[in-house]
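Chemist: Dumping the structure here so I can ask a few things about it.
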Amino acid sequence: MHEDDEIPIETATLPLDAWHRAKGGRMVAFAGYWMPIQYEGIMAEHLWTREHAGLFDVSHMGQLALSGEGVAAALEMLVPGDISALKPGRMRYSLLLNDDGGILDDLMITNEGDQFGIVVNGAVKWDDIAHLREYLPDHITLNHKDDHGLLALQGPKAVTALSRLVPEAAGLVFMQAISATWNGHAIGLSRSGYTGEDGFEISLPNAALESFAEALCAMKEVKPIGLGARDSLRLEAGLPLYGHDLDENTDPVEGDLAFAISKRRREQGGFPGAARILGHLADGSPRKRVGLLVEGKIPVREGARLFDGNAEIGVVTSGGFAPSVGAPIAMGYVPTGLAGPGTAVAAEVRGKRVACTVTAMPFIPHRYVRKQGA
Amino acid sequence: MPRYYTEEHEWIDVDGDVATVGITDFAQGQLGDIVFVEVPDTGAELSQGGDAAVVESVKAASDVYAPVDGTVTEGNAQLEEDPSLVNSDPEGEGWFFRMTLADKSQLDGLMDAKAYKAFCDAL
């Protein structure tokens, strides 16, 4: 916590604010910005995205670029991924770690050839920027691309729709990125997202955002989708939300994100909190993030306490009704001994015990396109 | 059968000494897709403004308050099977519970349809 946390900060507007309102978006304050929570309804928008293509405005996220001699090695001092081995045009999910191995943020790092692009969570982007400025060598240049917005087009029809505007889109595979041009604007394009579906994230200059969004939404496959469905889609995909499922007291092994610790880094260490994290990799962590299938219809939400018999064993960090599952689901932390799929636990909701079963995630299979022509 | 409204967006239909309670069309529109409703048990003693029921949308759980004092005579069992009735027919089939009226004078403090509409328009 900082002393200046008490100063109220006015909620800011994003470049597409008026466009969202004109589309019927119900605006709420999120991560310091007015953002659309829904348009026609969370359930309909969620199911539309799984069937067709949904357009998300995620311009609240921080788009950063790092450049300079030895930038990959410098980044590796702060994250546990093998950034040096990341080829141009490829991206990787990684974690910004504190000295104890706790997660300061989860982020996407892209090798853009002459620089590394980084996309960070909106809610903590200013802290991330301060952290990077403090810990990266002075000769590394950090550029905050706040003159750019970020759109995500997600769903099985995303490739069809986007290819009409940017034909190169169809040639990408999951976690691949390119630069392209649309209507004279330089744009960044990657096959990635936060829904578990095939899809793309598109970085555009602010001036091009509205016409690009409008061009997509004019297509029969595409509807604008709000934050509400973004949350239920990512929950079904088993993807953690920073500040809820992950925080600075949680390390990557506890967060079930060990895949983000590259093989070479496991052998060599040299990232913040390596002692704790490598210890947890070898011996197991005391607790682990798991998925929970909820029996019955009562939604089990963030903050619900988890029990094994009378013993309180953990807490739910995200949860709610899952439209594509047709039932409530949740994710939370339990002792690693109780983290095996099939383990019965109970969540407490309004003083009642609700039966839950630990389950492997995702709840809905990912549909990433990993190979061309597959 | 007179209908009254609260500032918490409940409606209450009064028929003699018994009343039916639900949430308004405005409320369901604000909540969005309803996925779960917890109605009070028969015999539960309610006091005006106190917790009476819970309605859960995809994104959040919200409390429903007792519009007046009284005793619950029946919860709407249909909502257990089909909570979306609150969206499709909030002021009809989507009622929450029925209750006795302990103090009819409490109704005087509630709004009629016209006053409630003006209240919502001002929000």
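Naming scheme: A, B, ... for chains in displayed order of the structure tokens; residues 1 onward per chain; ligands 1 onward as shown.
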Would you mind writing down, as a PyMOL selection string, each residue of stretch 12-108 of chain B that DSSP on the backbone assigns to strand (DSSP E or B)?
Modeler: chain B and resi 12-15+18-23+34-38+45-46+51-57+61-65+70-75+97-100
Chemist: For B:Lys117, find every residue with an atom within 12 Å (counting only C-alpha atoms), except residues of its own chain fewer than 2 positions away, and show them as a ChimeraX atom specification.
Modeler: /B:4-7,9,24-26,111-115,119-123
Chemist: Can you write out the residues you just picked, keeping C-alpha atoms, as a PDB file, in the first residue's frame?
Modeler:
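Full text of out-v3.pdb as output:
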ATOM      1  CA  TYR B   4     -46.762  -0.758  -3.617  1.00  0.00           C
ATOM      2  CA  TYR B   5     -43.079  -0.260  -4.336  1.00  0.00           C
ATOM      3  CA  THR B   6     -39.965   0.286  -2.220  1.00  0.00           C
ATOM      4  CA  GLU B   7     -36.860   2.356  -2.907  1.00  0.00           C
ATOM      5  CA  HIS B   9     -37.002  -1.977  -6.023  1.00  0.00           C
ATOM      6  CA  THR B  24     -39.463  -4.874 -10.124  1.00  0.00           C
ATOM      7  CA  ASP B  25     -38.890  -4.967 -13.852  1.00  0.00           C
ATOM      8  CA  PHE B  26     -36.402  -2.113 -13.388  1.00  0.00           C
ATOM      9  CA  MET B 111     -44.674   4.287  -3.183  1.00  0.00           C
ATOM     10  CA  ASP B 112     -47.493   3.719  -5.644  1.00  0.00           C
ATOM     11  CA  ALA B 113     -46.794   2.896  -9.312  1.00  0.00           C
ATOM     12  CA  LYS B 114     -46.651   6.544 -10.359  1.00  0.00           C
ATOM     13  CA  ALA B 115     -44.317   7.571  -7.555  1.00  0.00           C
ATOM     14  CA  PHE B 119     -38.273   7.518  -8.532  1.00  0.00           C
ATOM     15  CA  CYS B 120     -36.692   5.295 -11.218  1.00  0.00           C
ATOM     16  CA  ASP B 121     -36.659   8.076 -13.818  1.00  0.00           C
ATOM     17  CA  ALA B 122     -34.672  10.223 -11.410  1.00  0.00           C
ATOM     18  CA  LEU B 123     -31.983   7.547 -10.886  1.00  0.00           C
TER      19      LEU B 123
END
Chemist: Suppose you want the space between atom CA of A:Asp114 and atom CA of A:Leu132; what is it in Å?
Modeler: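 We find that atom CA of A:Asp114 and atom CA of A:Leu132 lie 18.6 Å from each other.
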Chemist: Using only C-alpha atoms, which residues of stretch 20-100 of chain B come within 10 Å of stretch 30-49 of chain A, and what is the closest atom pair for each, with the distance in Å to one decimal? Give it as CSV, sorted by chain and residue number.
Modeler:
residue,atom,partner,partner_atom,distance
B:Gly29,CA,A:Gly41,CA,9.5
B:Leu31,CA,A:Gly41,CA,9.7
B:Gly32,CA,A:Gly41,CA,6.2
B:Asp33,CA,A:Met43,CA,6.6
B:Ile34,CA,A:Met43,CA,9.6
B:Val35,CA,A:Met43,CA,9.9
B:Ser57,CA,A:Ile42,CA,9.4
B:Val58,CA,A:Ile42,CA,7.1
B:Lys59,CA,A:Ile42,CA,8.2
Chemist: Which residues of chain A sit at most 10 Å from chain B, using only C-alpha atoms? Give each one's shortest atom pair and distance in Å (one decimal place), in chain and ascending residue order, as a tab-separated table.
Modeler:
residue	atom	partner	partner_atom	distance
A:Arg26	CA	B:Gln30	CA	9.5
A:Ile37	CA	B:Lys59	CA	9.6
A:Gln38	CA	B:Gly32	CA	9.1
A:Glu40	CA	B:Gly32	CA	9.0
A:Gly41	CA	B:Gly32	CA	6.2
A:Ile42	CA	B:Asp33	CA	7.1
A:Met43	CA	B:Asp33	CA	6.6
A:Ala44	CA	B:Asp33	CA	9.0
A:Gly228	CA	B:Lys59	CA	6.7
A:Ala229	CA	B:Val58	CA	9.0
A:Asp231	CA	B:Lys59	CA	8.8
A:Ser232	CA	B:Val58	CA	8.2
A:Lys297	CA	B:Phe36	CA	6.5
A:Ile298	CA	B:Phe36	CA	6.2
A:Pro299	CA	B:Phe36	CA	7.4
A:Val300	CA	B:Ala61	CA	9.8
A:Arg301	CA	B:Ala60	CA	8.3
A:Gly319	CA	B:Lys59	CA	9.2
A:Gly320	CA	B:Val58	CA	6.4
A:Phe321	CA	B:Val58	CA	5.5
A:Ala322	CA	B:Val58	CA	7.9
A:Pro323	CA	B:Val58	CA	8.4
A:Gly326	CA	B:Val35	CA	9.7
A:Ala327	CA	B:Val35	CA	9.0
A:Pro328	CA	B:Val35	CA	9.0
A:Arg350	CA	B:Val54	CA	9.8
Chemist: Would you mind writing down, as number ranges by chain, each residue of stretch 102-313 of chain A that DSSP on the backbone assigns to alpha helix (DSSP H)?
Modeler: A: 125-135, 158-165, 206-217, 227-236, 263-268, 274-283
Chemist: Pick from A:Ser84, A:Asn183, A:Thr110, A:Thr359: nearest to A:Val166, with only C-alpha atoms counted?
Modeler: A:Asn183
Chemist: From the options B:Asn76, B:Gln106, B:Gln48, B:Gln28, which residue's atoms come nearest to B:Pro90, counting only C-alpha atoms?
Modeler: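 Among B:Asn76, B:Gln106, B:Gln48, B:Gln28, it is B:Gln28 that comes nearest to B:Pro90.
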